[in-house]
file coords_33.txt (compact mmCIF, C-alpha atoms (C1' of nucleotides))
# COMPACT_ATOMS: atom_id res chain seq x y z
CA MET A 1 -25.62 2.54 -4.80
CA VAL A 2 -24.86 5.12 -2.14
CA ALA A 3 -22.05 7.64 -2.41
CA GLU A 4 -19.33 7.11 0.15
CA GLY A 5 -16.67 9.36 1.62
CA ALA A 6 -13.02 8.76 0.81
CA GLY A 7 -12.32 8.08 4.47
CA THR A 8 -14.60 5.07 4.89
CA THR A 9 -12.95 1.73 5.52
CA ARG A 10 -14.40 0.39 2.32
CA ALA A 11 -12.91 3.24 0.32
CA GLN A 12 -9.56 2.76 2.03
CA ILE A 13 -9.58 -0.92 1.12
CA VAL A 14 -10.37 -0.11 -2.50
CA ASP A 15 -7.63 2.52 -2.60
CA ALA A 16 -5.01 0.22 -1.11
CA ALA A 17 -6.03 -2.70 -3.31
CA ASN A 18 -6.01 -0.46 -6.37
CA ARG A 19 -2.41 0.50 -5.76
CA LEU A 20 -1.27 -2.98 -4.75
CA PHE A 21 -2.94 -4.66 -7.73
CA TYR A 22 -0.94 -2.26 -9.90
CA VAL A 23 2.37 -2.60 -8.06
CA LYS A 24 2.38 -6.33 -7.29
CA GLY A 25 -0.30 -7.69 -9.59
CA PHE A 26 -3.75 -8.95 -8.67
CA GLU A 27 -2.91 -12.54 -7.83
CA HIS A 28 0.28 -11.70 -5.96
CA THR A 29 -1.55 -9.23 -3.72
CA SER A 30 -2.70 -10.92 -0.51
CA PHE A 31 -5.38 -9.83 1.93
CA ALA A 32 -2.61 -9.57 4.49
CA ALA A 33 -0.85 -6.93 2.39
CA ILE A 34 -4.01 -4.89 1.89
CA ALA A 35 -4.92 -5.20 5.56
CA GLU A 36 -1.48 -4.04 6.62
CA THR A 37 -1.66 -1.02 4.31
CA VAL A 38 -5.08 0.02 5.56
CA GLY A 39 -4.36 -0.89 9.15
CA ILE A 40 -7.21 -3.31 9.75
CA SER A 41 -7.43 -7.02 10.46
CA ARG A 42 -7.98 -9.64 7.78
CA GLY A 43 -11.29 -10.77 9.22
CA ASN A 44 -12.72 -7.31 8.86
CA PHE A 45 -12.56 -7.57 5.08
CA TYR A 46 -15.55 -9.77 4.80
CA HIS A 47 -17.82 -7.26 6.36
CA HIS A 48 -17.17 -5.06 3.30
CA PHE A 49 -16.56 -7.61 0.54
CA LYS A 50 -17.64 -11.17 0.05
CA SER A 51 -14.48 -12.22 -1.80
CA LYS A 52 -11.25 -11.06 -3.38
CA ASP A 53 -12.96 -11.00 -6.74
CA GLU A 54 -15.46 -8.53 -5.34
CA ILE A 55 -12.61 -6.25 -4.31
CA LEU A 56 -11.25 -6.52 -7.83
CA GLY A 57 -14.63 -5.50 -9.19
CA ALA A 58 -14.68 -2.46 -6.92
CA VAL A 59 -11.12 -1.55 -7.94
CA ILE A 60 -11.97 -1.69 -11.62
CA GLU A 61 -15.10 0.34 -10.98
CA ALA A 62 -12.96 2.95 -9.20
CA ARG A 63 -10.57 3.02 -12.14
CA LEU A 64 -13.43 3.53 -14.55
CA GLN A 65 -14.67 6.42 -12.42
CA SER A 66 -11.29 8.13 -12.08
CA THR A 67 -10.62 7.68 -15.79
CA ARG A 68 -13.94 9.27 -16.69
CA ALA A 69 -13.14 12.13 -14.33
CA MET A 70 -9.70 12.62 -15.87
CA LEU A 71 -11.05 12.66 -19.41
CA ALA A 72 -13.75 15.12 -18.40
CA GLU A 73 -11.06 17.32 -16.87
CA TRP A 74 -9.08 17.21 -20.09
CA ASP A 75 -12.23 18.11 -22.00
CA ARG A 76 -12.61 21.16 -19.80
CA ASP A 77 -8.98 22.25 -19.56
CA GLU A 78 -7.72 21.79 -23.10
CA PRO A 79 -8.84 24.25 -25.76
CA GLY A 80 -9.34 21.75 -28.58
CA PRO A 81 -9.22 18.12 -29.67
CA ALA A 82 -5.63 18.26 -30.90
CA GLU A 83 -4.42 19.50 -27.53
CA ARG A 84 -6.46 16.81 -25.82
CA VAL A 85 -4.87 14.01 -27.80
CA ARG A 86 -1.46 15.46 -27.01
CA ARG A 87 -2.39 15.57 -23.36
CA PHE A 88 -3.08 11.86 -23.54
CA VAL A 89 0.20 11.21 -25.30
CA GLU A 90 2.10 13.00 -22.54
CA ILE A 91 0.59 10.72 -19.91
CA VAL A 92 3.44 8.26 -20.35
CA ILE A 93 5.76 11.09 -19.30
CA ALA A 94 3.58 12.40 -16.48
CA ASN A 95 3.29 8.92 -14.97
CA GLY A 96 6.80 8.02 -16.07
CA ALA A 97 8.13 6.82 -12.73
CA ASP A 98 5.31 4.37 -12.04
CA ILE A 99 5.29 3.15 -15.61
CA GLN A 100 9.01 2.42 -15.46
CA ASP A 101 8.46 0.36 -12.34
CA PHE A 102 5.15 -1.37 -13.06
CA GLY A 103 4.07 -0.73 -16.65
CA CYS A 104 0.67 0.58 -17.67
CA PRO A 105 -2.01 -0.23 -15.07
CA VAL A 106 -4.62 -0.87 -17.74
CA GLY A 107 -2.54 -3.05 -20.03
CA THR A 108 -0.93 -5.12 -17.31
CA LEU A 109 -4.16 -5.84 -15.45
CA THR A 110 -5.96 -6.73 -18.66
CA ASN A 111 -3.25 -9.18 -19.61
CA GLU A 112 -3.04 -10.72 -16.15
CA LEU A 113 -6.78 -11.32 -16.06
CA ALA A 114 -6.59 -12.84 -19.53
CA LYS A 115 -3.97 -15.33 -18.37
CA LEU A 116 -5.92 -16.13 -15.24
CA GLY A 117 -9.03 -16.73 -17.28
CA HIS A 118 -10.72 -14.31 -14.88
CA PRO A 119 -14.36 -13.37 -15.49
CA ALA A 120 -13.62 -9.70 -14.72
CA ARG A 121 -11.44 -9.35 -17.81
CA PRO A 122 -14.13 -7.59 -19.89
CA GLN A 123 -14.55 -5.04 -17.09
CA ALA A 124 -10.83 -4.31 -17.21
CA VAL A 125 -10.98 -3.91 -20.98
CA ALA A 126 -13.73 -1.35 -20.46
CA VAL A 127 -11.07 1.04 -19.14
CA PHE A 128 -9.31 0.71 -22.48
CA ASP A 129 -12.62 1.34 -24.19
CA LEU A 130 -13.02 4.58 -22.29
CA PHE A 131 -9.74 5.90 -23.73
CA ARG A 132 -10.47 4.48 -27.14
CA THR A 133 -13.88 6.10 -27.39
CA TRP A 134 -12.59 9.41 -26.07
CA LEU A 135 -9.65 9.47 -28.48
CA ARG A 136 -11.95 8.56 -31.34
CA ALA A 137 -14.21 11.47 -30.47
CA GLN A 138 -11.24 13.85 -30.61
CA PHE A 139 -10.23 12.64 -34.06
CA GLU A 140 -13.80 12.90 -35.25
CA GLU A 141 -13.91 16.47 -34.06
CA LEU A 142 -10.73 17.02 -36.06
CA GLY A 143 -12.57 16.04 -39.21
CA LEU A 144 -11.05 12.58 -39.49
CA ALA A 145 -14.29 10.69 -39.09
CA VAL A 146 -13.63 7.70 -41.33
CA GLU A 147 -10.29 6.80 -39.76
CA ALA A 148 -10.99 8.11 -36.26
CA ASP A 149 -11.12 4.70 -34.59
CA ASP A 150 -8.02 3.51 -36.39
CA LEU A 151 -6.13 6.60 -35.24
CA ALA A 152 -7.42 6.17 -31.69
CA MET A 153 -6.17 2.59 -31.61
CA HIS A 154 -2.81 3.67 -32.97
CA VAL A 155 -2.40 6.23 -30.21
CA LEU A 156 -3.41 3.62 -27.64
CA ALA A 157 -0.92 1.15 -29.13
CA PHE A 158 1.81 3.77 -28.87
CA SER A 159 1.09 4.19 -25.17
CA GLN A 160 1.24 0.44 -24.55
CA GLY A 161 4.45 -0.06 -26.49
CA ALA A 162 6.13 2.85 -24.73
CA ALA A 163 4.96 1.64 -21.33
CA THR A 164 6.09 -1.96 -21.83
CA LEU A 165 9.58 -1.03 -22.99
CA SER A 166 9.92 1.71 -20.41
CA ASN A 167 9.23 -0.95 -17.80
CA ALA A 168 11.63 -3.43 -19.38
CA PHE A 169 14.58 -1.11 -20.00
CA HIS A 170 13.98 1.64 -17.45
CA ASP A 171 14.90 4.18 -20.08
CA GLY A 172 13.26 7.58 -19.72
CA GLU A 173 14.95 9.02 -22.79
CA PHE A 174 13.42 6.34 -24.95
CA VAL A 175 9.97 7.36 -23.75
CA ARG A 176 10.69 11.00 -24.54
CA ARG A 177 11.79 10.10 -28.06
CA GLU A 178 8.70 7.98 -28.67
CA VAL A 179 6.46 10.76 -27.40
CA ASP A 180 8.14 13.26 -29.69
CA ARG A 181 7.81 10.86 -32.57
CA LEU A 182 4.09 10.51 -31.96
CA HIS A 183 3.68 14.28 -31.71
CA ALA A 184 5.36 14.60 -35.11
CA TRP A 185 3.09 11.91 -36.49
CA LEU A 186 0.12 13.86 -35.16
CA ASP A 187 1.39 17.05 -36.81
CA GLU A 188 1.50 15.20 -40.09
CA ARG A 189 -1.92 13.68 -39.60
CA LEU A 190 -3.60 16.89 -38.58
CA ALA A 191 -2.03 18.77 -41.47
CA HIS A 192 -3.62 16.28 -43.83
CA GLY A 193 -6.90 16.26 -41.97
CA ARG A 194 -7.39 20.02 -42.05
CA PRO A 195 -6.00 21.14 -45.39
CA ILE A 196 -5.07 24.83 -45.24
CA ALA A 197 -5.77 26.71 -48.43
CA GLY A 198 -2.52 27.28 -50.25
CA SER A 199 -0.52 24.83 -48.18
CA ALA A 200 2.23 23.35 -50.30
CA HIS A 201 2.77 20.01 -48.67
CA MET B 1 26.65 -28.05 -19.34
CA VAL B 2 25.88 -31.15 -21.38
CA ALA B 3 23.65 -31.12 -24.42
CA GLU B 4 20.41 -32.98 -23.91
CA GLY B 5 17.92 -34.60 -26.23
CA ALA B 6 14.50 -33.06 -26.64
CA GLY B 7 12.93 -36.21 -25.27
CA THR B 8 14.56 -36.19 -21.84
CA THR B 9 12.31 -35.62 -18.88
CA ARG B 10 14.15 -32.42 -18.05
CA ALA B 11 13.58 -31.07 -21.56
CA GLN B 12 9.93 -32.05 -21.40
CA ILE B 13 9.54 -30.18 -18.12
CA VAL B 14 11.15 -27.07 -19.59
CA ASP B 15 8.95 -27.29 -22.68
CA ALA B 16 5.76 -27.66 -20.69
CA ALA B 17 6.73 -24.93 -18.22
CA ASN B 18 7.69 -22.64 -21.09
CA ARG B 19 4.24 -22.92 -22.59
CA LEU B 20 2.37 -22.74 -19.29
CA PHE B 21 4.32 -19.71 -18.06
CA TYR B 22 3.21 -18.00 -21.25
CA VAL B 23 -0.40 -19.14 -21.17
CA LYS B 24 -1.18 -18.85 -17.46
CA GLY B 25 1.67 -16.71 -16.17
CA PHE B 26 4.62 -17.76 -14.05
CA GLU B 27 3.07 -17.46 -10.60
CA HIS B 28 -0.24 -18.96 -11.61
CA THR B 29 1.45 -22.05 -13.06
CA SER B 30 1.64 -24.84 -10.47
CA PHE B 31 3.90 -27.86 -10.41
CA ALA B 32 0.77 -29.93 -10.60
CA ALA B 33 -0.13 -28.38 -13.96
CA ILE B 34 3.36 -28.96 -15.37
CA ALA B 35 3.43 -32.50 -14.01
CA GLU B 36 0.08 -33.29 -15.57
CA THR B 37 1.21 -31.94 -18.96
CA VAL B 38 4.42 -33.95 -18.92
CA GLY B 39 2.85 -37.01 -17.34
CA ILE B 40 5.08 -37.35 -14.31
CA SER B 41 4.53 -37.03 -10.57
CA ARG B 42 5.18 -33.86 -8.62
CA GLY B 43 7.90 -35.41 -6.50
CA ASN B 44 9.94 -36.25 -9.55
CA PHE B 45 10.51 -32.57 -10.23
CA TYR B 46 13.11 -32.15 -7.59
CA HIS B 47 15.37 -34.68 -9.12
CA HIS B 48 15.74 -32.31 -12.07
CA PHE B 49 15.33 -28.87 -10.47
CA LYS B 50 15.92 -27.59 -6.99
CA SER B 51 13.09 -25.06 -7.09
CA LYS B 52 10.46 -23.40 -9.23
CA ASP B 53 12.82 -20.48 -9.75
CA GLU B 54 15.34 -22.87 -11.24
CA ILE B 55 12.72 -24.04 -13.73
CA LEU B 56 12.09 -20.40 -14.60
CA GLY B 57 15.80 -19.92 -15.21
CA ALA B 58 15.86 -22.91 -17.53
CA VAL B 59 12.77 -21.65 -19.37
CA ILE B 60 14.31 -18.23 -19.96
CA GLU B 61 17.53 -19.89 -21.09
CA ALA B 62 15.51 -21.96 -23.55
CA ARG B 63 13.80 -18.82 -24.84
CA LEU B 64 17.14 -17.12 -25.32
CA GLN B 65 18.35 -20.13 -27.28
CA SER B 66 15.30 -20.40 -29.49
CA THR B 67 15.31 -16.65 -30.12
CA ARG B 68 18.95 -16.74 -31.16
CA ALA B 69 18.14 -19.64 -33.47
CA MET B 70 15.21 -17.78 -35.00
CA LEU B 71 17.22 -14.64 -35.63
CA ALA B 72 20.04 -16.70 -37.16
CA GLU B 73 17.47 -18.33 -39.43
CA TRP B 74 16.18 -14.94 -40.51
CA ASP B 75 19.74 -13.85 -41.17
CA ARG B 76 20.15 -16.85 -43.47
CA ASP B 77 16.77 -16.81 -45.18
CA GLU B 78 16.19 -13.14 -45.86
CA PRO B 79 18.18 -11.46 -48.61
CA GLY B 80 18.86 -8.17 -46.81
CA PRO B 81 18.38 -6.11 -43.65
CA ALA B 82 15.18 -4.43 -44.82
CA GLU B 83 13.54 -7.79 -45.44
CA ARG B 84 14.74 -8.99 -42.04
CA VAL B 85 13.15 -6.09 -40.21
CA ARG B 86 9.92 -6.72 -42.09
CA ARG B 87 10.11 -10.36 -41.11
CA PHE B 88 10.24 -9.27 -37.48
CA VAL B 89 7.31 -6.92 -37.97
CA GLU B 90 5.21 -9.73 -39.39
CA ILE B 91 5.77 -11.85 -36.28
CA VAL B 92 2.71 -10.29 -34.64
CA ILE B 93 0.70 -11.71 -37.56
CA ALA B 94 2.46 -15.08 -37.66
CA ASN B 95 1.87 -15.61 -33.93
CA GLY B 96 -1.43 -13.76 -34.07
CA ALA B 97 -3.58 -16.41 -32.40
CA ASP B 98 -1.38 -16.84 -29.33
CA ILE B 99 -0.83 -13.10 -29.03
CA GLN B 100 -4.56 -12.46 -29.05
CA ASP B 101 -4.99 -14.94 -26.25
CA PHE B 102 -1.92 -14.30 -24.10
CA GLY B 103 -0.04 -11.24 -25.36
CA CYS B 104 3.67 -11.16 -26.14
CA PRO B 105 5.60 -13.82 -24.19
CA VAL B 106 8.57 -11.52 -23.70
CA GLY B 107 6.70 -8.42 -22.62
CA THR B 108 4.25 -10.17 -20.32
CA LEU B 109 6.88 -12.25 -18.53
CA THR B 110 9.15 -9.24 -18.09
CA ASN B 111 6.33 -7.24 -16.55
CA GLU B 112 5.19 -10.08 -14.31
CA LEU B 113 8.69 -10.58 -12.94
CA ALA B 114 8.98 -6.83 -12.36
CA LYS B 115 5.81 -6.85 -10.27
CA LEU B 116 6.94 -9.91 -8.35
CA GLY B 117 10.29 -8.29 -7.66
CA HIS B 118 11.77 -11.49 -9.03
CA PRO B 119 15.58 -11.75 -9.32
CA ALA B 120 15.28 -13.36 -12.77
CA ARG B 121 13.85 -10.18 -14.28
CA PRO B 122 17.15 -9.11 -15.91
CA GLN B 123 17.39 -12.52 -17.56
CA ALA B 124 13.93 -12.04 -19.03
CA VAL B 125 14.90 -8.59 -20.30
CA ALA B 126 17.85 -10.22 -22.04
CA VAL B 127 15.39 -11.71 -24.54
CA PHE B 128 14.31 -8.18 -25.39
CA ASP B 129 17.97 -7.23 -25.73
CA LEU B 130 18.47 -9.99 -28.27
CA PHE B 131 15.79 -8.50 -30.52
CA ARG B 132 16.96 -4.96 -29.86
CA THR B 133 20.58 -5.71 -30.76
CA TRP B 134 19.57 -7.67 -33.83
CA LEU B 135 17.22 -4.94 -35.08
CA ARG B 136 19.88 -2.32 -34.44
CA ALA B 137 22.34 -4.31 -36.53
CA GLN B 138 19.86 -4.36 -39.43
CA PHE B 139 19.40 -0.61 -39.32
CA GLU B 140 23.14 -0.08 -39.14
CA GLU B 141 23.55 -2.24 -42.21
CA LEU B 142 20.98 0.00 -43.86
CA GLY B 143 23.24 2.97 -43.35
CA LEU B 144 21.28 4.43 -40.42
CA ALA B 145 24.05 4.07 -37.88
CA VAL B 146 23.39 7.12 -35.71
CA GLU B 147 19.71 6.39 -35.16
CA ALA B 148 19.88 2.61 -35.41
CA ASP B 149 19.14 1.94 -31.74
CA ASP B 150 16.31 4.45 -31.68
CA LEU B 151 14.73 2.80 -34.71
CA ALA B 152 15.21 -0.65 -33.18
CA MET B 153 13.41 0.46 -30.03
CA HIS B 154 10.61 1.98 -32.07
CA VAL B 155 10.04 -1.29 -33.90
CA LEU B 156 10.09 -3.16 -30.60
CA ALA B 157 7.62 -0.69 -29.12
CA PHE B 158 5.33 -1.23 -32.10
CA SER B 159 5.34 -4.97 -31.46
CA GLN B 160 4.49 -4.49 -27.78
CA GLY B 161 1.71 -2.03 -28.45
CA ALA B 162 0.17 -4.23 -31.11
CA ALA B 163 0.42 -7.31 -28.90
CA THR B 164 -1.12 -5.67 -25.84
CA LEU B 165 -4.11 -4.27 -27.72
CA SER B 166 -4.54 -7.43 -29.77
CA ASN B 167 -4.83 -9.28 -26.46
CA ALA B 168 -7.20 -6.71 -24.98
CA PHE B 169 -9.57 -6.31 -27.93
CA HIS B 170 -9.08 -9.59 -29.81
CA ASP B 171 -9.04 -7.64 -33.04
CA GLY B 172 -7.01 -9.16 -35.83
CA GLU B 173 -7.79 -6.39 -38.29
CA PHE B 174 -6.30 -3.84 -35.96
CA VAL B 175 -3.04 -5.79 -35.92
CA ARG B 176 -3.01 -5.94 -39.71
CA ARG B 177 -3.50 -2.18 -39.94
CA GLU B 178 -0.72 -1.49 -37.44
CA VAL B 179 1.62 -3.82 -39.33
CA ASP B 180 0.85 -2.07 -42.59
CA ARG B 181 1.40 1.27 -40.93
CA LEU B 182 4.80 0.21 -39.72
CA HIS B 183 5.72 -1.13 -43.14
CA ALA B 184 4.85 2.26 -44.60
CA TRP B 185 6.92 3.97 -41.94
CA LEU B 186 9.82 1.71 -42.86
CA ASP B 187 9.42 2.58 -46.55
CA GLU B 188 9.68 6.23 -45.61
CA ARG B 189 12.66 5.67 -43.36
CA LEU B 190 14.58 3.55 -45.81
CA ALA B 191 13.91 5.98 -48.63
CA HIS B 192 15.52 8.70 -46.55
CA GLY B 193 18.36 6.48 -45.38
CA ARG B 194 19.40 5.44 -48.87
CA PRO B 195 18.80 8.50 -51.02
CA ILE B 196 18.38 7.43 -54.63
CA ALA B 197 19.86 9.85 -57.15
CA GLY B 198 17.04 11.77 -58.76
CA SER B 199 14.35 10.61 -56.36
CA ALA B 200 11.63 13.22 -56.15
CA HIS B 201 10.32 12.85 -52.63
C1' DG C 1 15.07 -41.89 -12.29
C1' DT C 2 10.48 -42.19 -10.70
C1' DC C 3 7.21 -42.89 -7.39
C1' DT C 4 4.08 -42.18 -2.82
C1' DA C 5 3.62 -39.99 1.36
C1' DT C 6 4.16 -36.15 3.98
C1' DA C 7 5.88 -31.75 5.96
C1' DT C 8 5.24 -26.90 5.96
C1' DC C 9 3.53 -22.73 4.77
C1' DG C 10 0.54 -18.99 3.13
C1' DG C 11 -3.60 -18.09 0.82
C1' DG C 12 -8.70 -17.02 0.95
C1' DA C 13 -12.65 -17.57 3.68
C1' DT C 14 -15.74 -18.37 8.03
C1' DA C 15 -17.53 -18.11 12.99
C1' DG C 16 -18.52 -15.72 16.58
C1' DA C 17 -17.10 -12.54 20.55
C1' DC C 18 -17.05 -7.66 21.54
C1' DG D 1 -17.97 -2.35 12.43
C1' DT D 2 -13.93 -4.47 14.06
C1' DC D 3 -11.58 -7.95 16.22
C1' DT D 4 -9.38 -12.95 17.26
C1' DA D 5 -9.38 -17.59 16.35
C1' DT D 6 -9.84 -21.02 13.18
C1' DC D 7 -10.86 -23.83 9.04
C1' DC D 8 -9.65 -25.46 4.60
C1' DC D 9 -7.13 -25.87 0.66
C1' DG D 10 -3.53 -25.70 -2.68
C1' DA D 11 1.10 -24.49 -3.16
C1' DT D 12 6.19 -25.54 -2.84
C1' DA D 13 9.25 -28.56 -1.04
C1' DT D 14 11.23 -32.88 1.38
C1' DA D 15 11.92 -37.92 2.74
C1' DG D 16 12.52 -42.12 1.54
C1' DA D 17 10.85 -46.56 -0.80
C1' DC D 18 11.26 -48.89 -5.24
call {"tool": "encode", "arguments": {"input": "coords_33.txt", "output": "structure tokens"}}
result
Amino acid sequence: MVAEGAGTTRAQIVDAANRLFYVKGFEHTSFAAIAETVGISRGNFYHHFKSKDEILGAVIEARLQSTRAMLAEWDRDEPGPAERVRRFVEIVIANGADIQDFGCPVGTLTNELAKLGHPARPQAVAVFDLFRTWLRAQFEELGLAVEADDLAMHVLAFSQGAATLSNAFHDGEFVRREVDRLHAWLDERLAHGRPIAGSAH
Amino acid sequence: MVAEGAGTTRAQIVDAANRLFYVKGFEHTSFAAIAETVGISRGNFYHHFKSKDEILGAVIEARLQSTRAMLAEWDRDEPGPAERVRRFVEIVIANGADIQDFGCPVGTLTNELAKLGHPARPQAVAVFDLFRTWLRAQFEELGLAVEADDLAMHVLAFSQGAATLSNAFHDGEFVRREVDRLHAWLDERLAHGRPIAGSAH
DNA sequence: GTCTATATCGGGATAGAC
DNA sequence: GTCTATCCCGATATAGAC
């Protein structure tokens, strides 16, 4: 596979489809809509992709890439695992506007593909796995090895619950409260995980 | 509006559509699929409904009705508000198989209609409101008036997070752990809400 | 109230000129 | 590599016989 510039037609198609699949859903997104966004004709698609499913595959691949890049950035920028987990938790605030309008891109695509019985569903779940594995690694680094995966899944579940209700009720304050609640839960968890000598909990 | 028996063609259409909208999604469900399930011809639809959107409206109405009935049943069967909330929490276990395969019917429909820009979205959200209001009432009865709505939303968020990840990972043990975690959280909350004289927390 | 036949439209996909 | 023109199909929806 050859690296490609962001300006290539293929990359533009993937970018536009990525956004549209999120905003309107995979099935509801037509070639016409993608073509209009990119500014090309419908026929031109098939020079770059054999089918709509192939575009979906490229979109998921792009999401995997950008997710890996984001997690690597967090690894670099944040001083420790606790800060990294909190950075993840805050994502539902940082992307608050989109989440209110369209939900979580990972959760909603995964569910749509499940209902469609689409063969690309496992690929979509792999994005979840990226977060899960990364979160687990943070908890392991925090000395919570035995329960690390359980804690990772709990944090993921928080993000999905917050996203779904944010989308349903369009309530930003609710999201803030849930985020704060999870931060407090983390405080509690990390206090137990790293017992300080003389702490009187 | 006249009451109708469960055996009428109209009721059969609503039943079949209700299930199919859940299993395959609203947009992906064709009249042909509903017709095949019910055992009627496609043309016969339009004697009972003017459009697919009208079927959707009837399906949501049916869900509102059945939800109200379920909550009323819980009100009757469970001895107190704490038990009622726990009954709700256990729903992700009771409906575990369907949730693994298709997610939460309320959350997934709400999100799909949001992405479609469908005018029936507020109606779908009304199902969420039913649960929210009912949960809030339970917490109020437990003497947690000021935070009742916040707690209700947290319990709802739990259910959505558990459902989304159950669907993504097909992991029943994860759901069980999340349910147990929420039960423990409730224990904590209710202990604080109803301080027992001499309790040594 | 249910059926068959059909209209109409938009979707994905193909052929071939430039 | 991009375009126009077109095919094909499945979808909603309608018309009208029974």
call {"tool": "closest_atom_pairs", "arguments": {"input": "coords_33.txt", "of": "chain B", "to": "chain C", "cutoff": "8 Å", "atoms": "only C-alpha atoms (C1' of nucleotides)", "output": "Markdown table"}}
result
| residue | atom | partner | partner_atom | distance |
| --- | --- | --- | --- | --- |
| B:Ser41 | CA | C:DC3 | C1' | 7.2 |
| B:Gly43 | CA | C:DC3 | C1' | 7.6 |
| B:Asn44 | CA | C:DT2 | C1' | 6.1 |
| B:His47 | CA | C:DG1 | C1' | 7.9 |
call {"tool": "atom_distance", "arguments": {"input": "coords_33.txt", "atom1": "atom CA of Phe158 of chain A", "atom2": "atom CA of Phe158 of chain B"}}
result
6.9 Å
call {"tool": "residues_around", "arguments": {"input": "coords_33.txt", "residues": "Arg87 of chain B", "least_positions_apart": "4", "cutoff": "9 Å", "atoms": "only C-alpha atoms (C1' of nucleotides)", "output": "JSON, numbers by chain"}}
result
{"B": [74, 78, 82, 83, 91]}
call {"tool": "write_last_selection", "arguments": {"input": "coords_33.txt", "atoms": "C-alpha atoms", "output": "compact mmCIF listing (two decimals), in the coordinates of the input"}}
result
# COMPACT_ATOMS: atom_id res chain seq x y z
CA TRP B 74 16.18 -14.94 -40.51
CA GLU B 78 16.19 -13.14 -45.86
CA ALA B 82 15.18 -4.43 -44.82
CA GLU B 83 13.54 -7.79 -45.44
CA ILE B 91 5.77 -11.85 -36.28
call {"tool": "closest_atom_pairs", "arguments": {"input": "coords_33.txt", "of": "chain A", "to": "chain B", "cutoff": "9 Å", "atoms": "only C-alpha atoms", "output": "Markdown table"}}
result
| residue | atom | partner | partner_atom | distance |
| --- | --- | --- | --- | --- |
| A:Tyr22 | CA | B:Lys115 | CA | 8.2 |
| A:Val23 | CA | B:Lys115 | CA | 5.9 |
| A:Lys24 | CA | B:Lys115 | CA | 4.6 |
| A:Gly25 | CA | B:Lys115 | CA | 6.2 |
| A:Glu27 | CA | B:His28 | CA | 7.9 |
| A:His28 | CA | B:Leu116 | CA | 7.3 |
| A:Asp101 | CA | B:Ala114 | CA | 7.2 |
| A:Phe102 | CA | B:Lys115 | CA | 6.2 |
| A:Gly103 | CA | B:Asn111 | CA | 6.9 |
| A:Gly107 | CA | B:Thr164 | CA | 6.5 |
| A:Thr108 | CA | B:Asn111 | CA | 7.6 |
| A:Thr110 | CA | B:Ala168 | CA | 6.4 |
| A:Asn111 | CA | B:Gly103 | CA | 6.9 |
| A:Glu112 | CA | B:Gly25 | CA | 7.6 |
| A:Ala114 | CA | B:Phe102 | CA | 6.7 |
| A:Lys115 | CA | B:Lys24 | CA | 4.6 |
| A:Leu116 | CA | B:Lys24 | CA | 5.9 |
| A:Gly117 | CA | B:Lys24 | CA | 8.1 |
| A:Arg121 | CA | B:Ala168 | CA | 8.7 |
| A:Pro122 | CA | B:Ala168 | CA | 8.6 |
| A:Ala124 | CA | B:Ala168 | CA | 8.9 |
| A:Val125 | CA | B:Ala168 | CA | 6.2 |
| A:Phe128 | CA | B:Ala168 | CA | 8.1 |
| A:Asp150 | CA | B:Phe174 | CA | 7.6 |
| A:Met153 | CA | B:Phe174 | CA | 7.8 |
| A:His154 | CA | B:Glu178 | CA | 7.1 |
| A:Leu156 | CA | B:Gly161 | CA | 7.7 |
| A:Ala157 | CA | B:Gly161 | CA | 4.2 |
| A:Phe158 | CA | B:Gly161 | CA | 5.8 |
| A:Ser159 | CA | B:Gly161 | CA | 7.1 |
| A:Gln160 | CA | B:Gly161 | CA | 4.6 |
| A:Gly161 | CA | B:Gly161 | CA | 3.9 |
| A:Ala162 | CA | B:Ala157 | CA | 5.8 |
| A:Ala163 | CA | B:Ala157 | CA | 8.6 |
| A:Thr164 | CA | B:Gly107 | CA | 6.5 |
| A:Leu165 | CA | B:Ala157 | CA | 6.4 |
| A:Asn167 | CA | B:Asn111 | CA | 7.0 |
| A:Ala168 | CA | B:Val125 | CA | 6.2 |
| A:Phe169 | CA | B:Val125 | CA | 7.5 |
| A:Phe174 | CA | B:Asp150 | CA | 7.6 |
| A:Arg177 | CA | B:Asp150 | CA | 8.1 |
| A:Glu178 | CA | B:His154 | CA | 7.2 |
call {"tool": "closest_residue", "arguments": {"input": "coords_33.txt", "among": "A:Ile99, A:Ile40, A:Ile13, A:Ala137", "to": "chain D", "atoms": "only C-alpha atoms (C1' of nucleotides)"}}
result
A:Ile40
call {"tool": "interface_residues", "arguments": {"input": "coords_33.txt", "of": "chain D", "to": "chain A", "cutoff": "12 Å", "atoms": "all atoms listed in the file", "output": "JSON list (two decimals) with C-alpha atoms (C1' of nucleotides), in the frame of the given file"}}
result
[["chain", "number", "residue", "atom", "x", "y", "z"],
["D", 1, "DG", "C1'", -17.97, -2.35, 12.43],
["D", 2, "DT", "C1'", -13.93, -4.47, 14.06],
["D", 3, "DC", "C1'", -11.58, -7.95, 16.22],
["D", 4, "DT", "C1'", -9.38, -12.95, 17.26],
["D", 5, "DA", "C1'", -9.38, -17.59, 16.35],
["D", 6, "DT", "C1'", -9.84, -21.02, 13.18]]
call {"tool": "residues_around", "arguments": {"input": "coords_33.txt", "residues": "segment 11-14 of chain D", "least_positions_apart": "3", "cutoff": "8 Å", "atoms": "all atoms listed in the file", "output": "compact mmCIF listing (two decimals) with C-alpha atoms (C1' of nucleotides), in the frame of the given file"}}
result
# COMPACT_ATOMS: atom_id res chain seq x y z
CA SER B 30 1.64 -24.84 -10.47
CA SER B 51 13.09 -25.06 -7.09
CA LYS B 52 10.46 -23.40 -9.23
C1' DA C 7 5.88 -31.75 5.96
